[in-house]
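File shown: final.txt. Contents: compact mmCIF, C-alpha atoms.
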# COMPACT_ATOMS: atom_id res chain seq x y z
CA MET A 68 58.68 92.24 139.77
CA PRO A 69 55.91 94.80 140.41
CA PRO A 70 52.35 93.52 140.25
CA ARG A 71 50.68 93.96 136.87
CA ILE A 72 47.27 95.44 136.31
CA PRO A 73 45.08 93.15 134.20
CA CYS A 74 44.55 95.00 130.99
CA ASN A 75 40.81 94.27 130.70
CA SER A 76 40.15 95.87 134.07
CA CYS A 77 42.04 99.00 133.05
CA GLN A 78 40.09 99.30 129.84
CA THR A 79 36.78 99.20 131.66
CA GLN A 80 37.95 101.79 134.13
CA GLN A 81 38.94 104.13 131.31
CA LEU A 82 35.64 103.58 129.63
CA PHE A 83 33.98 104.46 132.89
CA LEU A 84 35.91 107.70 133.19
CA ALA A 85 35.19 108.70 129.62
CA SER A 86 31.51 108.02 129.99
CA LEU A 87 31.41 110.04 133.22
CA GLU A 88 32.98 113.03 131.52
CA THR A 89 30.66 113.00 128.56
CA ALA A 90 27.52 112.27 130.53
CA THR A 91 27.81 114.66 133.49
CA SER A 92 25.90 117.44 131.77
CA LYS A 93 23.06 115.21 130.52
CA SER A 94 22.17 112.55 133.06
CA VAL A 95 23.91 110.43 135.63
CA VAL A 96 21.83 107.28 135.23
CA PRO A 97 23.66 105.53 132.31
CA SER A 98 27.09 106.24 133.71
CA ALA A 99 26.08 104.96 137.13
CA SER A 100 25.00 101.68 135.57
CA LEU A 101 28.37 101.47 133.80
CA ALA A 102 30.16 102.14 137.06
CA ILE A 103 28.40 99.23 138.70
CA ARG A 104 29.29 96.99 135.79
CA SER A 105 32.96 97.95 135.92
CA ALA A 106 33.12 97.40 139.64
CA ALA A 107 31.67 93.96 139.13
CA GLN A 108 34.24 93.15 136.46
CA CYS A 109 37.26 94.28 138.45
CA PRO A 110 38.11 91.24 140.61
CA SER A 111 40.32 93.00 143.19
CA THR A 112 38.82 96.44 143.80
CA THR A 113 40.87 97.10 146.92
CA SER A 114 44.24 96.63 145.21
CA CYS A 115 43.04 98.74 142.29
CA GLY A 116 42.21 101.61 144.62
CA ASN A 117 45.73 101.88 146.06
CA ARG A 118 47.51 102.28 142.73
CA ARG A 119 47.19 104.77 139.91
CA VAL A 120 45.28 102.72 137.46
CA PHE A 121 44.08 105.53 135.29
CA SER A 122 46.26 106.74 132.45
CA THR A 123 47.22 110.39 132.66
CA THR A 124 47.30 110.66 128.87
CA LEU A 125 43.96 112.43 128.68
CA ALA A 126 45.01 115.13 131.12
CA LYS A 127 48.31 115.63 129.30
CA GLU A 128 46.53 115.88 126.02
CA ALA A 129 44.24 118.52 127.46
CA ARG A 130 47.32 120.51 128.45
CA THR A 131 49.04 120.33 125.06
CA LYS A 132 48.96 123.49 122.97
CA PRO A 133 46.69 123.79 119.95
CA THR A 134 49.79 123.81 117.68
CA ASP A 135 51.00 120.57 119.24
CA LYS A 136 47.55 119.07 118.79
CA LEU A 137 47.90 119.86 115.11
CA LEU A 138 51.29 118.18 115.21
CA LEU A 139 49.80 115.06 116.71
CA LYS A 140 46.98 114.95 114.12
CA GLY A 141 44.42 113.62 116.60
CA LYS A 142 46.58 110.68 117.67
CA GLN A 143 47.49 109.82 121.23
CA PRO A 144 51.05 111.04 121.82
CA THR A 145 53.66 108.38 122.48
CA LEU A 146 55.88 108.68 125.53
CA GLN A 147 58.74 110.13 123.51
CA LYS A 148 56.45 112.61 121.84
CA ARG A 149 55.03 113.69 125.19
CA LEU A 150 58.51 114.15 126.64
CA PHE A 151 59.49 116.13 123.56
CA LEU A 152 56.45 118.39 123.86
CA GLU A 153 57.27 119.03 127.50
CA TRP A 154 60.85 119.83 126.56
CA ILE A 155 59.95 122.16 123.71
CA GLU A 156 57.71 124.14 126.08
CA LYS A 157 60.81 124.92 128.14
CA PHE A 158 62.92 125.87 125.11
CA GLU A 159 60.58 127.81 122.88
CA ARG A 160 63.52 129.09 120.78
CA PHE A 161 63.98 125.69 119.16
CA ARG A 162 60.37 125.48 118.00
CA GLU A 163 61.01 127.31 114.73
CA PRO A 164 64.35 127.51 112.88
CA SER A 165 65.73 130.99 113.25
CA GLU A 166 69.27 132.30 113.68
CA MET A 167 72.20 129.92 114.34
CA ASN A 168 70.43 127.95 116.98
CA TYR A 169 72.31 124.91 118.20
CA LEU A 170 71.28 122.73 121.13
CA SER A 171 74.78 123.19 122.49
CA ARG A 172 73.74 126.60 123.82
CA VAL A 173 71.45 125.07 126.43
CA ILE A 174 72.80 121.55 126.87
CA LYS A 175 75.81 120.14 128.66
CA ASN A 176 77.57 117.01 127.53
CA TRP A 177 77.69 113.76 129.51
CA GLU A 178 80.63 115.02 131.55
CA GLY A 179 78.64 118.03 132.65
CA GLN A 180 80.85 120.38 130.65
CA PRO A 181 79.33 123.10 128.49
CA VAL A 182 79.49 122.30 124.80
CA ALA A 183 81.35 124.45 122.26
CA PRO A 184 78.96 126.85 120.53
CA ASN A 185 79.80 125.50 117.05
CA GLN A 186 78.98 121.93 118.00
CA PRO A 187 75.48 121.14 116.75
CA PHE A 188 75.27 117.67 118.31
CA PRO A 189 76.14 117.75 122.02
CA CYS A 190 77.40 114.15 122.09
CA ASN A 191 79.56 114.43 118.97
CA PRO A 192 82.55 116.69 119.60
CA ASP A 193 84.08 115.69 116.25
CA PHE A 194 81.34 117.38 114.28
CA ARG A 195 81.88 121.11 114.22
CA SER A 196 79.84 123.50 112.15
CA GLU A 197 82.41 125.48 110.19
CA PRO A 198 81.57 129.00 109.05
CA VAL A 199 80.58 129.58 105.42
CA LEU A 200 81.18 132.69 103.32
CA SER A 201 78.28 135.09 103.70
CA GLU A 202 76.46 136.54 100.72
CA ALA A 203 78.26 139.88 101.15
CA ALA A 204 81.65 138.18 101.43
CA ARG A 205 81.09 136.28 98.20
CA GLU A 206 80.03 139.49 96.49
CA LYS A 207 83.25 141.10 97.74
CA ILE A 208 85.38 138.33 96.25
CA TRP A 209 83.54 138.48 92.93
CA HIS A 210 83.93 142.26 92.82
CA ALA A 211 87.65 142.07 93.55
CA VAL A 212 88.29 139.50 90.83
CA ILE A 213 85.91 140.57 88.06
CA LYS A 214 85.47 144.33 88.59
CA ASN A 215 88.89 145.23 89.97
CA GLY A 216 90.74 142.60 87.93
CA MET A 217 92.84 141.38 90.84
CA PRO A 218 94.65 138.06 90.40
CA LEU A 219 93.06 135.11 92.24
CA LYS A 220 96.20 134.60 94.31
CA ALA A 221 96.12 138.19 95.54
CA VAL A 222 92.42 137.96 96.46
CA SER A 223 93.10 134.68 98.22
CA ALA A 224 95.92 136.25 100.23
CA GLN A 225 93.91 139.39 101.01
CA TYR A 226 90.89 137.61 102.45
CA GLY A 227 92.57 134.43 103.68
CA VAL A 228 90.36 132.25 101.48
CA ASP A 229 91.73 129.24 99.61
CA MET A 230 92.47 129.93 95.95
CA ARG A 231 90.21 127.10 94.79
CA ARG A 232 87.38 128.50 96.87
CA VAL A 233 87.95 131.96 95.38
CA ALA A 234 87.73 130.47 91.89
CA ALA A 235 84.60 128.53 92.80
CA VAL A 236 82.94 131.63 94.28
CA VAL A 237 83.67 133.60 91.11
CA ARG A 238 82.28 130.83 88.91
CA MET A 239 79.10 130.47 90.97
CA LYS A 240 78.59 134.24 91.15
CA GLU A 241 79.00 134.50 87.39
CA ILE A 242 76.33 131.84 86.88
CA GLU A 243 74.05 133.59 89.38
CA LYS A 244 74.43 136.91 87.58
CA GLN A 245 73.88 135.27 84.23
CA TRP A 246 70.67 133.69 85.50
CA GLU A 247 69.55 137.06 86.83
CA ARG A 248 70.14 138.59 83.40
CA GLU A 249 68.20 135.77 81.75
CA GLY A 250 65.36 136.15 84.25
CA LYS A 251 65.72 132.60 85.57
CA PRO A 252 64.23 132.12 89.04
CA LEU A 253 66.75 131.78 91.89
CA ALA A 254 66.12 129.80 95.08
CA ILE A 255 66.64 132.88 97.24
CA PRO A 256 64.29 131.95 100.14
CA TYR A 257 66.08 128.62 100.45
CA ALA A 258 69.51 130.26 100.41
CA LYS A 259 68.39 132.82 102.99
CA ALA A 260 66.98 130.15 105.30
CA MET A 261 70.19 128.12 105.05
CA MET A 262 72.43 131.12 105.60
CA LYS A 263 70.40 132.14 108.65
CA MET A 264 71.09 128.83 110.34
CA LEU A 265 74.83 128.61 109.64
CA PRO A 266 77.80 130.45 111.14
CA LYS A 267 79.07 133.01 108.65
CA ALA A 268 82.35 134.71 107.78
CA GLU A 269 82.00 138.29 106.60
CA LEU A 270 85.65 138.83 105.54
CA ASN A 271 85.78 142.28 107.09
CA PRO A 272 89.18 143.95 107.43
CA GLY A 273 90.78 142.82 110.69
CA ASP A 274 88.92 139.49 110.80
CA PRO A 275 91.00 136.34 111.34
CA PRO A 276 91.79 134.46 108.10
CA PHE A 277 88.92 132.32 106.88
CA GLU A 278 91.12 129.26 106.32
CA PRO A 279 94.79 128.39 105.79
CA ILE A 280 95.65 129.26 102.18
CA ASN A 281 99.16 127.97 101.65
CA ASP A 282 98.94 124.44 103.04
CA ILE A 283 101.08 121.80 101.41
CA HIS A 284 99.72 118.43 100.43
CA VAL A 285 101.70 115.67 102.14
CA HIS A 286 102.46 112.88 99.71
CA SER A 287 102.20 109.41 101.22
CA TYR A 288 105.71 108.60 99.96
CA THR A 289 107.11 111.26 102.26
CA MET A 290 105.43 109.76 105.33
CA GLN A 291 107.90 106.88 105.55
CA GLN A 292 111.10 106.87 107.54
CA LEU A 293 114.10 107.02 105.28
CA PHE A 294 117.81 106.73 105.96
CA VAL A 295 119.92 108.34 103.28
CA PRO A 296 123.70 108.34 103.76
CA VAL A 297 124.98 111.80 102.92
CA SER A 298 128.49 113.11 103.21
CA GLU A 299 128.93 115.85 105.78
CA SER A 300 130.31 118.27 103.26
CA ARG A 301 127.22 118.03 101.07
CA HIS A 302 124.60 120.74 101.23
CA PHE A 303 121.40 118.68 101.57
CA THR A 304 118.43 120.82 100.54
CA ARG A 305 114.69 120.29 100.43
CA GLU A 306 115.00 119.44 96.75
CA ASP A 307 117.45 116.66 97.61
CA ALA A 308 115.13 115.39 100.33
CA ALA A 309 112.23 115.27 97.87
CA LYS A 310 114.38 113.37 95.36
CA ALA A 311 115.37 110.91 98.07
CA PHE A 312 111.71 110.03 98.63
CA GLY A 313 111.01 109.47 94.96
CA ASP A 314 111.83 110.87 91.55
CA HIS A 315 108.38 112.36 91.09
CA ILE A 316 108.15 113.90 94.56
CA LEU A 317 108.18 117.70 94.49
CA PRO A 318 109.92 119.80 97.12
CA PRO A 319 107.55 121.80 99.36
CA ASP A 320 108.51 125.07 97.65
CA ALA A 321 107.19 123.73 94.36
CA LYS A 322 104.03 122.36 95.95
CA MET A 323 102.93 125.65 97.49
CA ARG A 324 99.82 127.20 96.00
CA ILE A 325 101.05 130.77 96.38
CA PRO A 326 104.88 130.72 96.43
CA GLU A 327 104.83 134.45 95.64
CA LEU A 328 103.65 135.05 99.22
CA VAL A 329 106.87 133.51 100.54
CA SER A 330 109.04 135.64 98.30
CA MET A 331 107.09 138.72 99.43
CA GLU A 332 107.76 137.90 103.08
CA LYS A 333 111.42 137.30 102.27
CA ARG A 334 111.67 140.71 100.62
CA ILE A 335 110.05 142.39 103.60
CA ALA A 336 112.48 140.59 105.92
CA GLU A 337 115.35 141.85 103.76
CA GLY A 338 114.18 145.40 104.41
CA MET A 339 111.91 146.21 101.47
CA ASP A 340 108.99 148.51 102.11
CA ALA A 341 105.84 146.44 102.82
CA ARG A 342 103.73 148.35 100.29
CA ASP A 343 106.30 147.93 97.55
CA ALA A 344 106.62 144.25 98.38
CA GLN A 345 102.84 143.86 98.18
CA ALA A 346 102.65 145.65 94.85
CA LEU A 347 105.40 143.38 93.57
CA PHE A 348 103.51 140.36 94.92
CA ILE A 349 100.35 141.35 93.03
CA GLN A 350 102.41 141.85 89.89
CA GLU A 351 104.07 138.44 90.26
CA ALA A 352 100.75 136.74 90.99
CA ALA A 353 99.17 138.30 87.89
CA GLU A 354 102.17 137.21 85.83
CA SER A 355 101.98 133.60 87.06
CA GLU A 356 98.25 133.48 86.32
CA ARG A 357 98.81 134.90 82.86
CA LYS A 358 101.37 132.16 82.21
CA LEU A 359 98.95 129.53 83.46
CA ALA A 360 96.22 130.86 81.16
CA GLU A 361 98.66 130.81 78.25
CA ARG A 362 99.60 127.21 78.97
CA GLU A 363 95.92 126.28 79.08
CA GLN A 364 95.30 128.06 75.77
CA ALA A 365 98.23 126.22 74.19
CA ARG A 366 96.86 122.91 75.46
CA LEU A 367 93.43 123.67 73.98
CA ARG A 368 95.02 124.69 70.66
CA ALA A 369 97.01 121.45 70.53
CA GLU A 370 93.86 119.48 71.28
CA GLU A 371 92.00 121.31 68.53
CA ALA A 372 94.83 120.58 66.09
CA ARG A 373 94.43 116.87 66.77
CA ARG A 374 90.72 117.09 66.01
CA ILE A 375 88.88 116.97 62.68
CA ARG A 376 85.32 118.31 62.66
CA VAL A 377 82.90 116.94 60.11
CA GLN A 378 79.60 118.78 59.94
CA THR A 379 76.47 116.87 58.94
CA ASN A 380 72.91 118.13 58.95
CA ARG A 381 72.19 116.59 62.37
CA PHE A 382 75.42 116.28 64.32
CA GLU A 383 78.97 117.38 64.19
CA PHE A 384 81.38 114.42 64.21
CA ARG A 385 84.62 115.14 66.00
CA PHE A 386 87.45 112.84 65.06
CA GLU A 387 90.24 112.97 67.54
CA GLN A 388 93.49 111.50 66.40
CA ILE A 389 95.05 109.09 68.89
CA ASN A 390 97.88 106.61 68.95
CA ALA A 391 96.50 103.07 69.12
CA GLU A 392 99.89 101.60 69.88
CA GLU A 393 100.13 103.11 73.36
CA VAL A 394 98.63 100.05 74.98
CA GLY A 395 101.52 98.99 77.18
CA PRO A 396 103.31 95.62 77.31
CA THR A 397 100.13 93.64 78.13
CA GLY A 398 97.82 95.67 75.91
CA ARG A 399 95.82 96.72 78.96
CA ALA A 400 97.34 100.09 79.83
CA ARG A 401 94.98 102.29 81.80
CA ASN A 402 95.17 105.19 79.37
CA ALA A 403 94.98 103.00 76.27
CA VAL A 404 92.18 103.83 73.87
CA GLY A 405 88.77 102.22 74.32
CA TRP A 406 87.11 99.86 76.71
CA ARG A 407 89.67 97.51 78.24
CA TYR A 408 89.59 93.77 77.62
CA GLY A 409 89.83 91.25 80.43
CA VAL A 410 89.66 93.87 83.15
CA PRO A 411 86.63 94.30 85.42
CA PHE A 412 84.98 97.68 85.14
CA TYR A 413 84.25 99.02 88.58
CA ASP A 414 81.82 101.81 87.78
CA ARG A 415 78.98 100.01 89.58
CA ARG A 416 80.95 98.83 92.57
CA ARG A 417 79.41 99.71 95.87
CA GLY A 418 80.66 103.00 97.23
CA GLU A 419 82.15 104.08 93.92
CA VAL A 420 81.85 107.85 93.84
CA LYS A 421 80.51 109.08 90.51
CA ILE A 422 80.23 112.73 91.42
CA PRO A 423 82.42 114.72 89.01
CA THR A 424 85.52 116.06 90.71
CA LYS A 425 86.34 118.83 88.25
CA VAL A 426 84.63 121.55 86.28
CA GLU A 427 85.13 121.52 82.52
CA MET B 63 90.69 84.08 57.57
CA VAL B 64 88.74 87.21 56.86
CA VAL B 65 89.66 90.31 58.82
CA LYS B 66 87.18 93.13 59.25
CA ILE B 67 87.10 96.61 60.73
CA ARG B 68 84.01 96.63 62.89
CA LEU B 69 82.46 97.95 66.09
CA ALA B 70 82.40 96.14 69.45
CA ARG B 71 79.62 97.30 71.71
CA PHE B 72 80.54 98.08 75.28
CA GLY B 73 78.92 100.51 77.70
CA ARG B 74 75.64 99.90 79.47
CA THR B 75 71.97 99.40 78.70
CA ASN B 76 70.76 102.48 76.82
CA GLN B 77 74.26 103.90 77.04
CA PRO B 78 76.24 102.35 74.19
CA PHE B 79 79.91 102.87 73.61
CA TYR B 80 81.85 101.21 70.83
CA ASN B 81 85.44 100.18 70.32
CA ILE B 82 86.49 100.43 66.68
CA VAL B 83 88.37 97.17 66.26
CA VAL B 84 90.17 95.12 63.68
CA ALA B 85 89.18 91.49 64.24
CA HIS B 86 88.73 88.18 62.53
CA ALA B 87 85.24 88.05 61.08
CA ARG B 88 84.33 84.77 62.78
CA THR B 89 85.18 85.82 66.32
CA ALA B 90 82.56 87.02 68.77
CA ARG B 91 81.63 90.67 68.85
CA ASN B 92 83.30 91.54 72.16
CA SER B 93 86.14 89.05 72.00
CA LYS B 94 89.69 90.25 72.11
CA PRO B 95 90.44 91.77 68.70
CA LEU B 96 93.65 92.00 66.71
CA GLU B 97 93.79 95.68 67.50
CA VAL B 98 91.67 98.47 68.92
CA ILE B 99 92.13 101.44 66.62
CA GLY B 100 89.63 103.81 68.18
CA THR B 101 86.32 104.42 69.91
CA TYR B 102 82.93 105.71 68.86
CA ASP B 103 80.51 107.31 71.31
CA PRO B 104 77.12 107.39 69.55
CA VAL B 105 75.42 109.45 72.27
CA PRO B 106 75.20 113.05 71.04
CA LYS B 107 76.57 115.62 73.48
CA LYS B 108 76.44 119.36 73.96
CA ASP B 109 79.40 121.59 74.58
CA PRO B 110 79.28 122.71 78.21
CA TYR B 111 79.61 126.45 77.57
CA ASP B 112 77.99 126.68 74.13
CA PRO B 113 74.60 128.39 74.40
CA SER B 114 73.56 127.30 70.88
CA GLY B 115 73.06 123.74 72.19
CA LYS B 116 74.45 122.09 69.07
CA LEU B 117 75.09 118.38 69.37
CA HIS B 118 78.26 116.55 68.52
CA LYS B 119 79.53 112.97 68.59
CA ASP B 120 83.02 112.03 69.66
CA ILE B 121 85.15 109.60 67.69
CA LYS B 122 88.70 108.72 68.60
CA LEU B 123 90.66 107.12 65.81
CA ASP B 124 94.23 106.25 65.00
CA ILE B 125 94.06 107.37 61.39
CA THR B 126 97.45 105.93 60.46
CA ARG B 127 96.52 102.46 61.68
CA ALA B 128 93.09 102.74 60.08
CA LYS B 129 94.68 103.57 56.71
CA TYR B 130 97.10 100.68 57.09
CA TRP B 131 94.30 98.19 57.75
CA VAL B 132 92.15 99.59 54.95
CA GLY B 133 95.14 99.12 52.65
CA ILE B 134 95.57 95.43 53.36
CA LEU B 135 91.96 94.37 53.86
CA GLU B 136 89.93 92.82 51.09
CA PRO B 137 88.11 95.56 49.23
CA LYS B 138 84.63 94.31 50.12
CA TYR B 139 85.42 94.58 53.85
CA ARG B 140 86.60 98.13 53.63
CA PRO B 141 84.20 100.25 55.60
CA GLY B 142 82.94 103.41 53.99
CA LEU B 143 83.92 102.43 50.46
CA PRO B 144 81.44 101.13 47.87
CA PRO B 145 81.95 97.47 46.98
CA LYS B 146 83.47 97.01 43.58
CA HIS B 147 80.79 94.67 42.20
CA LYS B 148 78.00 97.21 42.81
CA PRO B 149 77.26 99.05 39.56
CA THR B 150 77.24 102.82 39.88
CA VAL B 151 74.13 104.48 38.44
CA VAL B 152 74.92 107.51 36.36
CA LYS B 153 72.04 109.89 35.86
CA ASP B 154 71.85 112.29 32.96
So, in terms of structure tokens, how does the structure I just supplied come out?
Amino acid sequence: MPPRIPCNSCQTQQLFLASLETATSKSVVPSASLAIRSAAQCPSTTSCGNRRVFSTTLAKEARTKPTDKLLLKGKQPTLQKRLFLEWIEKFERFREPSEMNYLSRVIKNWEGQPVAPNQPFPCNPDFRSEPVLSEAAREKIWHAVIKNGMPLKAVSAQYGVDMRRVAAVVRMKEIEKQWEREGKPLAIPYAKAMMKMLPKAELNPGDPPFEPINDIHVHSYTMQQLFVPVSESRHFTREDAAKAFGDHILPPDAKMRIPELVSMEKRIAEGMDARDAQALFIQEAAESERKLAEREQARLRAEEARRIRVQTNRFEFRFEQINAEEVGPTGRARNAVGWRYGVPFYDRRRGEVKIPTKVE
Amino acid sequence: MVVKIRLARFGRTNQPFYNIVVAHARTARNSKPLEVIGTYDPVPKKDPYDPSGKLHKDIKLDITRAKYWVGILEPKYRPGLPPKHKPTVVKD
């Protein structure tokens, strides 16, 4: 174990140094007296002389920049802070947030390998900063859907952006434009600062697709191994396979978000002109969306038919007609009307996510 | 035993929610009733896309069951109807 310096001796030495510095211009007499006193208090002057007993903090502090001094607010910097200040002097670009500015540009990971440019934390290769749609790209999507009246599926296929994201962009843009019309303030400086620091996708023609758009959700029932005896003569299709996994399991063709894309590719493979096939695809996509909208309208109409509105001077009372007998064999069915009896209500359980998952 | 149509308060503090229940009058408020025939949410709500900001309250009710119970209950326990013994005041 290395020999320790008694702390009282160190304090007196520091005091001595400080008094020397302040008193040099005025007179030497008081400091000299202090020096004698400190020498008398230090029991082993010879051992003190061999080692660095004085802290270098003062000198470091003198070297720190005025901005860093502001940062420290007159306090002595801790070791970590001092190391950080030394480091930030080397890498001035990290002092202020500017363009996409990840540490991975200058740092290597523990194996000495350079880090991927989209990895903000050099030691965490699992965290990758994925690109976001730029302001111009979102404007493009909104323009295509609202101004040009393209179906969402076609816009999704054109830009390689998921259909749900296209819908979300259009909704958010509509709200933004409505707020602009109403003169509501927008948090533009915040948005600009965030966008500056993130990787962006511009959705220019020729760019790689932003994300996969026709991925199929894998149901957990289909993850199991299953042995189904089938006669050789039988034509076993994807529909049959889905049915083998469970009655409610859909075949992949029915689960696809944009099945019209597959039929377009099939037509092109059969020798149809690509432009004609694309025009047909847009037509089909528009048709499917029209049908979806019709179904939604019908659902809303049916809901309205079940409802009786009673207007009073303060509130409107909406009576919705339900069937009280749909309570299941135990009377505790999940979709039965009202608060359930004898069943714990988990809305305050730890980790229960209460963020809404859909837009109404 | 007397059967009543009444409300059972569920929900949370400052966030009431009622089951409209048919229950024996002597049983506790939140005890298991004979039947739950609906719900009443007394917290007024706005429509999400209605700029007028008008408030509404949601009531779910099985009207058929409600009519059935009103039909067999004693008249003085019928909600919403004036009791028979109360004299009606006729003004000129």
_Please check the contacts: residues of chain A at most 8 Å away from chain B, using all atoms listed in the file, listed as an MDAnalysis selection string._
chainID A and resid 381:391 404:406 408 427
*asked:* Need to verify the contact set: Pro279 of chain A, 8 Å, all atoms listed in the file, exclusion of same-chain residues closer than 6 positions in sequence. Can you return it as a list in words?
replied: Gly227, Val228 and Asp229 of chain A
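Neighbouring residues of Ile242 of chain A at 12 Å or closer, counting only C-alpha atoms and skipping chain neighbours under 5 positions away, are Trp209, Ala235, Val236, Val237, Glu247, Arg248, Glu249, Lys251 and Leu253 of chain A; Tyr111 of chain B.
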Print the selection's residues with C-alpha atoms to a file, as a short mmCIF file (atom, residue, chain, number, x, y, z; two decimals), keeping the file's coordinate frame.
data_model
loop_
_atom_site.label_atom_id
_atom_site.label_comp_id
_atom_site.auth_asym_id
_atom_site.auth_seq_id
_atom_site.Cartn_x
_atom_site.Cartn_y
_atom_site.Cartn_z
CA TRP A 209 83.54 138.48 92.93
CA ALA A 235 84.60 128.53 92.80
CA VAL A 236 82.94 131.63 94.28
CA VAL A 237 83.67 133.60 91.11
CA GLU A 247 69.55 137.06 86.83
CA ARG A 248 70.14 138.59 83.40
CA GLU A 249 68.20 135.77 81.75
CA LYS A 251 65.72 132.60 85.57
CA LEU A 253 66.75 131.78 91.89
CA TYR B 111 79.61 126.45 77.57
#
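One finds atom CA of Arg231 of chain A at 11.2 Å from atom CA of Lys425 of chain A.
Among B:Met63, B:Leu69, B:Leu96, B:Ala90, the residue with the shortest atom-to-atom distance to Trp131 of chain B, counting all atoms listed in the file, is B:Leu96.
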